[in-house]
Amino acid sequence: MRSPHSPRALAAGAALATAALAVGVLAPTVHAAPTAHAAPAPVAPRGAGPSAVAAPDIPVANVKAHLAQLQQIANANGGNRAHGRSGYKASLDYVKGKLDAAGFTTSVQQFSSSGATGYNLIADWPGGDASRTVMAGAHLDSVTAGPGINDNGSGSAGILETALAVSRAQLKPDKHLRFAWWGAEELGMVGSKYYVNSLASGDRSKISGYLNFDMIGSPNPGYFVYDDNPTLEKVFKDYFATISIPTEIETEGDGRSDHAPFKNAGIPVGGLFSGADYTKTAAQAQKWGGSVGQEFDACYHASCDTSGNIDDTALDHNSDAIAYALWQLAAGGSTPPDPGTSFENTTDLAVPDSPGPAVTSSIAVTGRTGNAPSALKVGVKVVHTYSGDLVIDLVGPSGRSYRLHNSSSDATPNIDTTYTVNASAETANGTWKLKLQDKGPQDTGYLDSWKLTF
């Protein structure tokens with residue numbers, strides 16, 4: 001995981017503009033609107049019928065064997081596996097060799113950052129519906145200070161052994177399975193940004209869910225689950241419930257790992273995390289064990305992040321959780337009805353207190369054909385101390401308004417509601433707006449987010 005506010009990350013962002021296209025991956029860059037994007041519906045878990053395929057137990061000894069190899073590679077290459085260094089390329093060659101021998105179709109994507117060539121490794125398992133691809137990824141690079149065995153050899157080894165388990169089972173998933181190992185994450189998610197930006201919009205929509213694993217073996221571990229998508233979050237929570245381990249929502253790594261570029265492009269994301277340099281509270285130690293007041297990983301981004309910097313139990317549980325999620329999301333069962341394509345704006349918008357003016361938030365809808373549906377779903381989340389003060393309208397591309405919420409004497413706070421609107425007179429493509437006005441004095445709030453589901 002990269003450090004927040006890293007100067008190197010800022011430099012890497014600028015260097016990304018010089019990225020050069022690599023071996024065999026994808027199409028020209030398509031940039032989504034910064035605050036509104038089309039999100040494919042996340043893959044729903046498979047049914048638990050008699051034909052369901054059980055996920056295997058991932059042998060932690062095998063995962064640790066991969067970590068031992070990464071440690072040896074670092075030892076032989078200046079003590080690290082960082083972007084632009086020989087240790088990184090040797091790490092990629094090790095992982096690629098294992099996948100090639102197991103029957104995966106692999107490709108190496110090159111990019112340029114900070115004056116050096118970087119590499120992403122993409123591995124596809126043959127078969128499955130390519131229009132509904134389930135993807136798991138981890139960054140393979142370390143910082144220059146050390147070998148990066150927890151950060152992020154642990155996630156890289158966890159998904160590698162899960163991929164090899166797919167091969168051992170000769171899995172025939174309903175959905176397509178893809179694995180990825182990212183370069184230059186420590187410089188600001190450079191490799192994963194390059195991959196996502198290289199995807200044509202049609203290819204982005206084929207990724208039903210991206211699962212990220214960045215640090216899953218921290219020596220003073222916590223069990224944190226990404227809450228970016230409720231379907232993907234539930235799969236991991238369901239697994240940990242089966243082994244009676246409570247989880248918490250992951251917040252330390254928000255925006256700091258390779259799920260961020262996928263989320264920003266409207267792709268549903270999920271993942272696991274065992275903690276970095278935040279400290280464990282007494283309540284967390286009570287439910288997970290470990291040391292109160294100590295960092296989850298005291299060797300985070302340090303030379304001591306070696307093969308001795310791993311908690312075997314956390315590594316074991318998290319590796320099993322990866323397999324469970326991929327088998328649930330991609331292997332077997334029937335495909336649920338398509339819940340539709342969503343476009344969302346998550347930028348906060350202040351709503352001035354009365355008698356202030358109305359304010360609007362916009363979503364640009366593209367890629368649709370014909371008119372909007374007669375049952376357009378409009379999800380609205382407003383934080384406000386007196387919901388009855390608000391008047392909320394949906395404004396279609398034609399300029400026509402559709403009243404969603406009237407002012408009233410309702411004193412309850414906040415609005416978190418999905419409205420159904422007959423918008424069949426509107427063309428689907430175009431700029432849609434949500435208009436809000438506060439009609440009562442004293443109480444204030446803001447629009448948290450809103451979403452259109454066609």
# chains A, B, ... in the order shown; residues from 1 in each chain; ligands from 1

call {"tool": "select_by_dssp", "arguments": {"residues": "segment 242-419 of chain A", "states": "strand (DSSP E)", "output": "ChimeraX atom specification"}}
result
/A:248-249,269-273,342-345,349-351,359-365,376-384,390-395,401-405,415-419

call {"tool": "residues_around", "arguments": {"residues": "Ile216 of chain A", "least_positions_apart": "6", "cutoff": "6 Å", "atoms": "only C-alpha atoms", "output": "PyMOL selection string"}}
result
chain A and resi 154-155+273-274+315

call {"tool": "write_last_selection", "arguments": {"atoms": "N, CA, C and O atoms", "output": "mmCIF file, in the first residue's frame"}}
result
data_model
loop_
_atom_site.group_PDB
_atom_site.id
_atom_site.type_symbol
_atom_site.label_atom_id
_atom_site.label_comp_id
_atom_site.auth_asym_id
_atom_site.auth_seq_id
_atom_site.Cartn_x
_atom_site.Cartn_y
_atom_site.Cartn_z
ATOM 1 N N SER A 154 2.255 -10.494 0.550
ATOM 2 C CA SER A 154 1.171 -11.308 1.115
ATOM 3 C C SER A 154 -0.031 -11.383 0.178
ATOM 4 O O SER A 154 -0.538 -12.474 -0.123
ATOM 5 N N GLY A 155 -0.489 -10.220 -0.307
ATOM 6 C CA GLY A 155 -1.617 -10.235 -1.238
ATOM 7 C C GLY A 155 -1.261 -10.897 -2.547
ATOM 8 O O GLY A 155 -2.056 -11.660 -3.120
ATOM 9 N N PHE A 273 -8.005 -6.496 4.007
ATOM 10 C CA PHE A 273 -6.850 -5.752 4.492
ATOM 11 C C PHE A 273 -6.623 -6.155 5.946
ATOM 12 O O PHE A 273 -7.585 -6.316 6.707
ATOM 13 N N SER A 274 -5.369 -6.320 6.344
ATOM 14 C CA SER A 274 -5.082 -6.715 7.728
ATOM 15 C C SER A 274 -4.431 -5.596 8.542
ATOM 16 O O SER A 274 -4.054 -5.823 9.692
ATOM 17 N N LEU A 315 -2.771 -14.749 7.455
ATOM 18 C CA LEU A 315 -2.483 -15.100 6.062
ATOM 19 C C LEU A 315 -3.341 -16.277 5.619
ATOM 20 O O LEU A 315 -3.885 -16.281 4.504
#

call {"tool": "residues_around", "arguments": {"residues": "Asn75 of chain A", "least_positions_apart": "4", "cutoff": "9 Å", "atoms": "only C-alpha atoms", "output": "mmCIF file with C-alpha atoms, in the first residue's frame"}}
result
data_model
loop_
_atom_site.group_PDB
_atom_site.id
_atom_site.type_symbol
_atom_site.label_atom_id
_atom_site.label_comp_id
_atom_site.auth_asym_id
_atom_site.auth_seq_id
_atom_site.Cartn_x
_atom_site.Cartn_y
_atom_site.Cartn_z
ATOM 1 C CA LEU A 70 9.964 -13.268 -2.977
ATOM 2 C CA GLN A 71 12.280 -12.841 0.000
ATOM 3 C CA GLY A 79 17.121 -5.949 -0.672
ATOM 4 C CA ASN A 80 13.933 -4.825 -2.397
ATOM 5 C CA GLY A 87 13.928 -7.375 -7.966
ATOM 6 C CA PRO A 147 11.601 -6.568 0.513
#

call {"tool": "closest_residue", "arguments": {"among": "A:Glu185, A:Glu344, A:Asp393, A:Glu252", "to": "Ser449 of chain A", "atoms": "only C-alpha atoms"}}
result
A:Glu344

call {"tool": "closest_residue", "arguments": {"among": "A:Gly97, A:Gly445, A:Gly127, A:Gly84", "to": "Ser114 of chain A", "atoms": "only C-alpha atoms"}}
result
A:Gly84

call {"tool": "atom_distance", "arguments": {"atom1": "atom CA of Ser401 of chain A", "atom2": "atom CA of Ala375 of chain A"}}
result
15.5 Å

call {"tool": "residues_around", "arguments": {"residues": "Asp238 of chain A", "least_positions_apart": "6", "cutoff": "10 Å", "atoms": "only C-alpha atoms", "output": "ChimeraX atom specification"}}
result
/A:244,321,324-325

call {"tool": "closest_atom_pairs", "arguments": {"of": "segment 346-369 of chain A", "to": "segment 428-435 of chain A", "cutoff": "12 Å", "atoms": "only C-alpha atoms", "output": "tab-separated table"}}
result
residue	atom	partner	partner_atom	distance
A:Leu349	CA	A:Leu434	CA	10.7
A:Ala350	CA	A:Lys435	CA	11.7
A:Val351	CA	A:Lys435	CA	9.8
A:Pro357	CA	A:Lys435	CA	10.3
A:Ala358	CA	A:Lys435	CA	6.5
A:Val359	CA	A:Lys435	CA	5.7
A:Thr360	CA	A:Lys435	CA	4.4
A:Ser361	CA	A:Leu434	CA	5.3
A:Ser362	CA	A:Lys433	CA	4.4
A:Ile363	CA	A:Trp432	CA	5.3
A:Ala364	CA	A:Thr431	CA	4.5
A:Val365	CA	A:Asn429	CA	4.9
A:Thr366	CA	A:Asn429	CA	5.1
A:Gly367	CA	A:Asn429	CA	7.0
A:Arg368	CA	A:Asn429	CA	5.8
A:Thr369	CA	A:Ala428	CA	6.7

call {"tool": "atom_distance", "arguments": {"atom1": "atom CA of Thr385 of chain A", "atom2": "atom CA of Ala411 of chain A"}}
result
8.0 Å
